[in-house]
Amino acid sequence: MDCGSDKIIYMDNNATTRVAPEVVDAMLPFLTDCYGNPSSMHRFGGQVGREVTKARASIAALIGAEPEEIIFTSCGTESDSTAIMSGMQTEPDKRHIVTTRVEHPAVKTLCENIDHLTGHKHRITRLPVNNDGTLDLDLYRDALSDDTAIVSVMWANNETGVIFPVEEMARLAKERGILFHTDAVQAVGKIPINLKESQIDFLSLSGHKLHAPKGIGILYVRKGTPFIPFLNGGHQEHGRRGGTENVAAIVGLGKACELAGKMMEEENSRVRALRDKLEQGLLAAVPRSMLNGHKSERLPNTSNISFEFVEGEAILLHMDRFNICASSGSACTSGSLEPSHVLRAMGVPFTAAHGSIRFSLSVYNTEEEVDFVLKTIPNIIANLRELSPFWYPEHAK
Ligand code: PLP
């Protein structure tokens with residue numbers, strides 16, 4: 001199938017990323033000749049098992065963990081569910097969870113359903129965010145109680161890229177004997193992470209956000225943290241997650257983590273510079289446009305911009321005609337015309353929340369692409385505003 005990827009300008013990397021060619025090469029033998037089961041006693045399986053072990057070490061190295069602290073899962077969502085459900089079960093006398101109003105649906109929906117899933121009534125504190133998407137640590141401190149079983153706070157927000165001080169938050173939780181989980185699906189590979197120097201108990205990672213394939217994730221569980229599996233079955237992952245390993249994807253994730261370690265510098269210099277050029281260019285060229293999210297406490301690749309008095313969906317459709325891919329809100333919320341829960345929590349005005357576009361870049365983007373987008377989008381917005389009953393030329397003044 002020719003899906004036209006050579007013609008597109010892909011700026012939707014927080015939704016998913018291109019699988020790196022080096023990752024594809026690393027995976028191929030495990031989709032063809034090397035099909036043994038890593039748990040088998042024979043050499044044919046054993047050699048595959050050794051590659052799983054190597055991949056585990058590469059992943060652990062990227063986040064400053066020990067290989068034994070890594071459990072392979074099917075995705076970020078499974079990792080999030082596993083961590084929170086384990087926390088609730090290992091702390092059966094505590095019925096309080098602290099999270100935020102801007103979590104990804106993987107955590108948000110689980111918390112909404114936790115009573116039904118556990119058969120117990122829980123209290124959930126969803127911390128508000130400031131207008132720039134940052135958290136107030138005093139509110140967090142006040143929210144922690146003797147009844148809090150687990151805190152689940154994302155490392156970086158998928159819609160705005162805003163980074164939360166999770167290491168400090170984990171330290172405060174630990175002082176109170178509370179488990180701490182972070183959904184680091186958007187952070188890993190984009191900013192340095194060293195779990196050895198933190199008190200984080202659980203961390204979720206997803207392969208397809210860092211140039212590995214879809215359908216592979218990991219849950220980091222700190223050595224000594226009590227843990228109850230989510231998927232019960234065989235003895236894989238030392239009995240912590242049943243199910244035959246997705247070997248090719250695991251090897252791919254190992255390779256992607258090696259590459260991410262090497263490309264982190266580029267992510268934080270060249271990609272950041274491209275993002276800044278795009279952002280500053282659009283904000284300067286389009287009247288009544290604004291940045292959503294803190295200017296500096298942010299992932300280097302993400303820019304969420306509101307164009308007032310136009311619909312994000314309409315902008316995306318017009319961008320699509322120019323082969324430019326981006327997103328309005330997260331992939332899970334686009335498709336509905338409700339403004340995203342993240343922008344609503346930040347108090348973004350209705351007219352701006354509806355016209356928000358998330359650009360998320362990667363090392364595969366070029367300056368020529370940014371220049372093309374800068375030439376194209378201001379015209380799209382101007383044309384859409386001409387059709388809008390809510391737009392008057394004086395708005396531009
Ligand atoms: N958490 C965050 C912050 C995400 O951005 C995503 C995916 O968009 C997920 C969790 C879910 O990850 P997966 O698609 O691997 O289930």
# chains A, B, ... in the order shown; residues from 1 in each chain; ligands from 1
call {"tool": "residues_near_ligand", "arguments": {"ligand": "ligand 1", "cutoff": "6 Å", "atoms": "only C-alpha atoms and all ligand atoms", "output": "PyMOL selection string"}}
result
chain A and resi 15+75-77+104+106+157-158+183+185-186+206
call {"tool": "closest_atom_pairs", "arguments": {"of": "region 257-363 of chain A", "to": "region 380-397 of chain A", "cutoff": "8 Å", "atoms": "only C-alpha atoms", "output": "tab-separated table"}}
result
residue	atom	partner	partner_atom	distance
A:Val286	CA	A:Ile381	CA	7.7
A:Pro287	CA	A:Ala396	CA	5.3
A:Arg288	CA	A:Ala396	CA	6.4
A:Phe307	CA	A:Ile381	CA	7.5
A:Phe309	CA	A:Trp391	CA	6.0
A:Val310	CA	A:Arg385	CA	6.3
A:Ala314	CA	A:Leu384	CA	7.9
A:Ile315	CA	A:Ile380	CA	6.9
A:His318	CA	A:Ile380	CA	6.7
A:Met319	CA	A:Ile380	CA	7.6
call {"tool": "closest_residue", "arguments": {"among": "A:Ile200, A:Ile70, A:Val19, A:Val363", "to": "Glu266 (chain A)", "atoms": "only C-alpha atoms"}}
result
A:Val363
call {"tool": "closest_residue", "arguments": {"among": "A:Ser79, A:Thr17, A:Gln199, A:Gln47", "to": "Ala184 (chain A)", "atoms": "only C-alpha atoms"}}
result
A:Ser79
call {"tool": "select_by_dssp", "arguments": {"residues": "region 240-342 of chain A", "states": "alpha helix (DSSP H)", "output": "ChimeraX atom specification"}}
result
/A:247-266,272-285,312-321,341-342
call {"tool": "residues_around", "arguments": {"residues": "region 131-145 of chain A", "least_positions_apart": "6", "cutoff": "8 Å", "atoms": "only C-alpha atoms", "output": "number ranges by chain"}}
result
A: 98, 125, 160, 162-164, 169, 172-173, 176, 292-294, 346-348
call {"tool": "write_last_selection", "arguments": {"atoms": "N, CA, C and O atoms", "output": "PDB file, in the first residue's frame"}}
result
ATOM      1  N   VAL A  98      -4.644  10.749  43.983  1.00  0.00           N
ATOM      2  CA  VAL A  98      -4.392  12.135  43.552  1.00  0.00           C
ATOM      3  C   VAL A  98      -3.900  12.092  42.111  1.00  0.00           C
ATOM      4  O   VAL A  98      -2.979  11.344  41.781  1.00  0.00           O
ATOM      5  N   THR A 125      -8.833  13.130  43.874  1.00  0.00           N
ATOM      6  CA  THR A 125      -8.520  14.565  43.779  1.00  0.00           C
ATOM      7  C   THR A 125      -7.875  14.801  42.428  1.00  0.00           C
ATOM      8  O   THR A 125      -6.835  14.215  42.123  1.00  0.00           O
ATOM      9  N   THR A 160      -0.131  19.986  25.257  1.00  0.00           N
ATOM     10  CA  THR A 160       0.594  21.268  25.331  1.00  0.00           C
ATOM     11  C   THR A 160       2.099  21.066  25.472  1.00  0.00           C
ATOM     12  O   THR A 160       2.865  22.006  25.274  1.00  0.00           O
ATOM     13  N   VAL A 162       3.522  20.709  28.270  1.00  0.00           N
ATOM     14  CA  VAL A 162       3.948  21.257  29.569  1.00  0.00           C
ATOM     15  C   VAL A 162       4.483  20.134  30.464  1.00  0.00           C
ATOM     16  O   VAL A 162       3.895  19.052  30.555  1.00  0.00           O
ATOM     17  N   ILE A 163       5.638  20.420  31.087  1.00  0.00           N
ATOM     18  CA  ILE A 163       6.327  19.422  31.913  1.00  0.00           C
ATOM     19  C   ILE A 163       5.972  19.658  33.383  1.00  0.00           C
ATOM     20  O   ILE A 163       6.018  20.799  33.861  1.00  0.00           O
ATOM     21  N   PHE A 164       5.637  18.601  34.074  1.00  0.00           N
ATOM     22  CA  PHE A 164       5.326  18.708  35.506  1.00  0.00           C
ATOM     23  C   PHE A 164       6.541  18.290  36.343  1.00  0.00           C
ATOM     24  O   PHE A 164       7.314  17.401  35.928  1.00  0.00           O
ATOM     25  N   MET A 169       7.477  15.978  43.115  1.00  0.00           N
ATOM     26  CA  MET A 169       6.173  15.474  43.580  1.00  0.00           C
ATOM     27  C   MET A 169       6.327  14.060  44.150  1.00  0.00           C
ATOM     28  O   MET A 169       5.697  13.714  45.153  1.00  0.00           O
ATOM     29  N   LEU A 172       7.783  14.289  47.606  1.00  0.00           N
ATOM     30  CA  LEU A 172       6.782  14.687  48.609  1.00  0.00           C
ATOM     31  C   LEU A 172       5.849  13.510  48.928  1.00  0.00           C
ATOM     32  O   LEU A 172       5.455  13.319  50.091  1.00  0.00           O
ATOM     33  N   ALA A 173       5.512  12.722  47.926  1.00  0.00           N
ATOM     34  CA  ALA A 173       4.644  11.558  48.157  1.00  0.00           C
ATOM     35  C   ALA A 173       5.364  10.554  49.051  1.00  0.00           C
ATOM     36  O   ALA A 173       4.784  10.003  49.998  1.00  0.00           O
ATOM     37  N   ARG A 176       5.313  10.916  52.681  1.00  0.00           N
ATOM     38  CA  ARG A 176       4.049  10.536  53.321  1.00  0.00           C
ATOM     39  C   ARG A 176       3.755   9.048  53.151  1.00  0.00           C
ATOM     40  O   ARG A 176       2.641   8.595  53.438  1.00  0.00           O
ATOM     41  N   ASN A 292      -0.766  28.051  23.789  1.00  0.00           N
ATOM     42  CA  ASN A 292      -1.344  27.381  24.953  1.00  0.00           C
ATOM     43  C   ASN A 292      -0.244  26.595  25.656  1.00  0.00           C
ATOM     44  O   ASN A 292       0.308  25.665  25.068  1.00  0.00           O
ATOM     45  N   GLY A 293       0.051  26.970  26.889  1.00  0.00           N
ATOM     46  CA  GLY A 293       1.070  26.236  27.642  1.00  0.00           C
ATOM     47  C   GLY A 293       2.254  27.120  27.982  1.00  0.00           C
ATOM     48  O   GLY A 293       2.518  28.125  27.302  1.00  0.00           O
ATOM     49  N   HIS A 294       2.960  26.723  29.035  1.00  0.00           N
ATOM     50  CA  HIS A 294       4.107  27.499  29.522  1.00  0.00           C
ATOM     51  C   HIS A 294       5.169  27.590  28.430  1.00  0.00           C
ATOM     52  O   HIS A 294       5.434  26.623  27.723  1.00  0.00           O
ATOM     53  N   MET A 346      -7.244  24.625  31.572  1.00  0.00           N
ATOM     54  CA  MET A 346      -6.342  25.777  31.590  1.00  0.00           C
ATOM     55  C   MET A 346      -7.116  27.091  31.476  1.00  0.00           C
ATOM     56  O   MET A 346      -6.513  28.166  31.501  1.00  0.00           O
ATOM     57  N   GLY A 347      -8.424  26.999  31.308  1.00  0.00           N
ATOM     58  CA  GLY A 347      -9.241  28.206  31.217  1.00  0.00           C
ATOM     59  C   GLY A 347      -9.088  28.925  29.885  1.00  0.00           C
ATOM     60  O   GLY A 347      -9.321  30.132  29.793  1.00  0.00           O
ATOM     61  N   VAL A 348      -8.697  28.208  28.842  1.00  0.00           N
ATOM     62  CA  VAL A 348      -8.581  28.833  27.513  1.00  0.00           C
ATOM     63  C   VAL A 348      -9.989  29.221  27.068  1.00  0.00           C
ATOM     64  O   VAL A 348     -10.897  28.386  27.108  1.00  0.00           O
TER      65      VAL A 348
END
call {"tool": "closest_residue", "arguments": {"among": "A:Gly189, A:Gly64, A:Arg321, A:Ile305", "to": "Gly355 (chain A)", "atoms": "only C-alpha atoms"}}
result
A:Ile305
call {"tool": "closest_residue", "arguments": {"among": "A:His122, A:Gly254, A:His211, A:Glu159", "to": "Pro105 (chain A)", "atoms": "only C-alpha atoms"}}
result
A:Glu159
call {"tool": "atom_distance", "arguments": {"atom1": "CA of Asp320 (chain A)", "atom2": "CA of Arg272 (chain A)"}}
result
23.8 Å
call {"tool": "residues_around", "arguments": {"residues": "Phe230 (chain A)", "least_positions_apart": "5", "cutoff": "8 Å", "atoms": "only C-alpha atoms", "output": "ChimeraX atom specification"}}
result
/A:81-82,85-86,240-241
call {"tool": "residues_around", "arguments": {"residues": "Arg358 (chain A)", "least_positions_apart": "3", "cutoff": "7 Å", "atoms": "only C-alpha atoms", "output": "ChimeraX atom specification"}}
result
/A:159,303-305,326-329
call {"tool": "write_last_selection", "arguments": {"atoms": "N, CA, C and O atoms", "output": "compact mmCIF listing (two decimals), in the first residue's frame"}}
result
# COMPACT_ATOMS: atom_id res chain seq x y z
N GLU A 159 -0.90 17.29 24.98
CA GLU A 159 -1.50 18.33 24.13
C GLU A 159 -0.68 19.62 24.11
O GLU A 159 -0.58 20.28 23.08
N SER A 303 4.11 22.44 20.21
CA SER A 303 3.57 23.80 20.24
C SER A 303 2.07 23.71 20.02
O SER A 303 1.62 23.17 19.00
N ASN A 304 1.31 24.23 20.97
CA ASN A 304 -0.15 24.20 20.85
C ASN A 304 -0.62 25.65 20.70
O ASN A 304 -0.45 26.46 21.60
N ILE A 305 -1.16 25.96 19.53
CA ILE A 305 -1.51 27.35 19.23
C ILE A 305 -3.00 27.46 18.94
O ILE A 305 -3.56 26.63 18.21
N ALA A 326 -1.16 17.57 11.43
CA ALA A 326 -1.03 17.99 12.84
C ALA A 326 -2.29 17.51 13.54
O ALA A 326 -2.95 16.59 13.04
N SER A 327 -2.64 18.11 14.64
CA SER A 327 -3.74 17.57 15.43
C SER A 327 -4.49 18.70 16.11
O SER A 327 -3.90 19.74 16.42
N SER A 328 -5.79 18.50 16.33
CA SER A 328 -6.51 19.48 17.17
C SER A 328 -6.85 18.75 18.46
O SER A 328 -7.64 17.84 18.45
N GLY A 329 -6.21 19.12 19.54
CA GLY A 329 -6.38 18.35 20.77
C GLY A 329 -5.70 17.00 20.59
O GLY A 329 -4.98 16.80 19.62
call {"tool": "select_by_dssp", "arguments": {"residues": "region 46-263 of chain A", "states": "strand (DSSP E)", "output": "NGL selection string"}}
result
:A and (70-73 or 96-100 or 123-127 or 148-152 or 179-183 or 202-206 or 217-221)
call {"tool": "write_last_selection", "arguments": {"atoms": "C-alpha atoms", "output": "tab-separated table (two decimals), in the first residue's frame"}}
result
chain	number	residue	atom	x	y	z
A	70	ILE	CA	11.37	-3.09	33.38
A	71	ILE	CA	8.16	-5.02	32.61
A	72	PHE	CA	7.11	-5.27	28.95
A	73	THR	CA	3.47	-4.40	28.24
A	96	HIS	CA	-7.84	8.13	47.81
A	97	ILE	CA	-6.07	8.86	44.49
A	98	VAL	CA	-4.39	12.13	43.55
A	99	THR	CA	-4.13	12.97	39.87
A	100	THR	CA	-4.61	16.05	37.63
A	123	ARG	CA	-12.12	9.71	46.55
A	124	ILE	CA	-10.28	11.19	43.58
A	125	THR	CA	-8.52	14.56	43.78
A	126	ARG	CA	-7.97	16.00	40.31
A	127	LEU	CA	-5.52	18.87	40.71
A	148	THR	CA	-3.89	8.45	49.66
A	149	ALA	CA	-2.91	5.14	48.06
A	150	ILE	CA	-1.26	6.44	44.91
A	151	VAL	CA	-0.49	9.63	43.00
A	152	SER	CA	-0.62	9.48	39.20
A	179	LEU	CA	3.09	5.38	45.95
A	180	PHE	CA	3.90	7.58	42.95
A	181	HIS	CA	3.18	6.77	39.29
A	182	THR	CA	4.07	8.93	36.31
A	183	ASP	CA	2.80	8.57	32.75
A	202	PHE	CA	6.06	3.43	38.57
A	203	LEU	CA	6.70	4.93	35.13
A	204	SER	CA	4.82	4.23	31.87
A	205	LEU	CA	6.45	4.41	28.44
A	206	SER	CA	5.05	3.69	24.98
A	217	GLY	CA	5.23	-0.37	26.08
A	218	ILE	CA	6.97	-0.80	29.37
A	219	LEU	CA	6.09	-0.29	32.97
A	220	TYR	CA	8.99	0.57	35.24
A	221	VAL	CA	8.47	-0.74	38.77
call {"tool": "residues_around", "arguments": {"residues": "Ile191 (chain A)", "least_positions_apart": "6", "cutoff": "9 Å", "atoms": "only C-alpha atoms", "output": "PyMOL selection string"}}
result
chain A and resi 264+267-268+299-300
call {"tool": "residues_around", "arguments": {"residues": "Pro67 (chain A)", "least_positions_apart": "4", "cutoff": "8 Å", "atoms": "only C-alpha atoms", "output": "tab-separated table (two decimals) with N, CA, C and O atoms, in the first residue's frame"}}
result
chain	number	residue	atom	x	y	z
A	56	ARG	N	16.02	-5.04	26.93
A	56	ARG	CA	15.62	-4.60	28.28
A	56	ARG	C	16.71	-3.69	28.86
A	56	ARG	O	16.42	-2.65	29.47
A	57	ALA	N	17.97	-4.08	28.61
A	57	ALA	CA	19.08	-3.29	29.15
A	57	ALA	C	19.15	-1.92	28.47
A	57	ALA	O	19.41	-0.89	29.13
A	59	ILE	N	16.68	-0.21	27.18
A	59	ILE	CA	15.55	0.61	27.64
A	59	ILE	C	15.85	1.14	29.05
A	59	ILE	O	15.68	2.33	29.34
A	60	ALA	N	16.34	0.24	29.89
A	60	ALA	CA	16.67	0.64	31.27
A	60	ALA	C	17.72	1.75	31.26
A	60	ALA	O	17.61	2.74	32.01
call {"tool": "closest_atom_pairs", "arguments": {"of": "region 236-297 of chain A", "to": "region 365-375 of chain A", "cutoff": "12 Å", "atoms": "only C-alpha atoms", "output": "CSV"}}
result
residue,atom,partner,partner_atom,distance
A:Glu266,CA,A:Asn365,CA,11.6
A:Glu267,CA,A:Asn365,CA,10.7
A:Arg270,CA,A:Thr366,CA,9.3
A:Val271,CA,A:Asn365,CA,7.7
A:Arg272,CA,A:Asn365,CA,11.0
A:Ala273,CA,A:Glu367,CA,9.4
A:Leu274,CA,A:Glu367,CA,6.5
A:Arg275,CA,A:Val370,CA,8.2
A:Asp276,CA,A:Val370,CA,10.1
A:Lys277,CA,A:Val370,CA,7.6
A:Leu278,CA,A:Val370,CA,5.9
A:Glu279,CA,A:Leu374,CA,9.0
A:Gln280,CA,A:Leu374,CA,9.7
A:Gly281,CA,A:Leu374,CA,6.4
A:Leu282,CA,A:Leu374,CA,6.4
A:Leu283,CA,A:Leu374,CA,10.1
A:Ala284,CA,A:Leu374,CA,10.3
A:Ala285,CA,A:Leu374,CA,8.4
A:Val286,CA,A:Leu374,CA,10.1
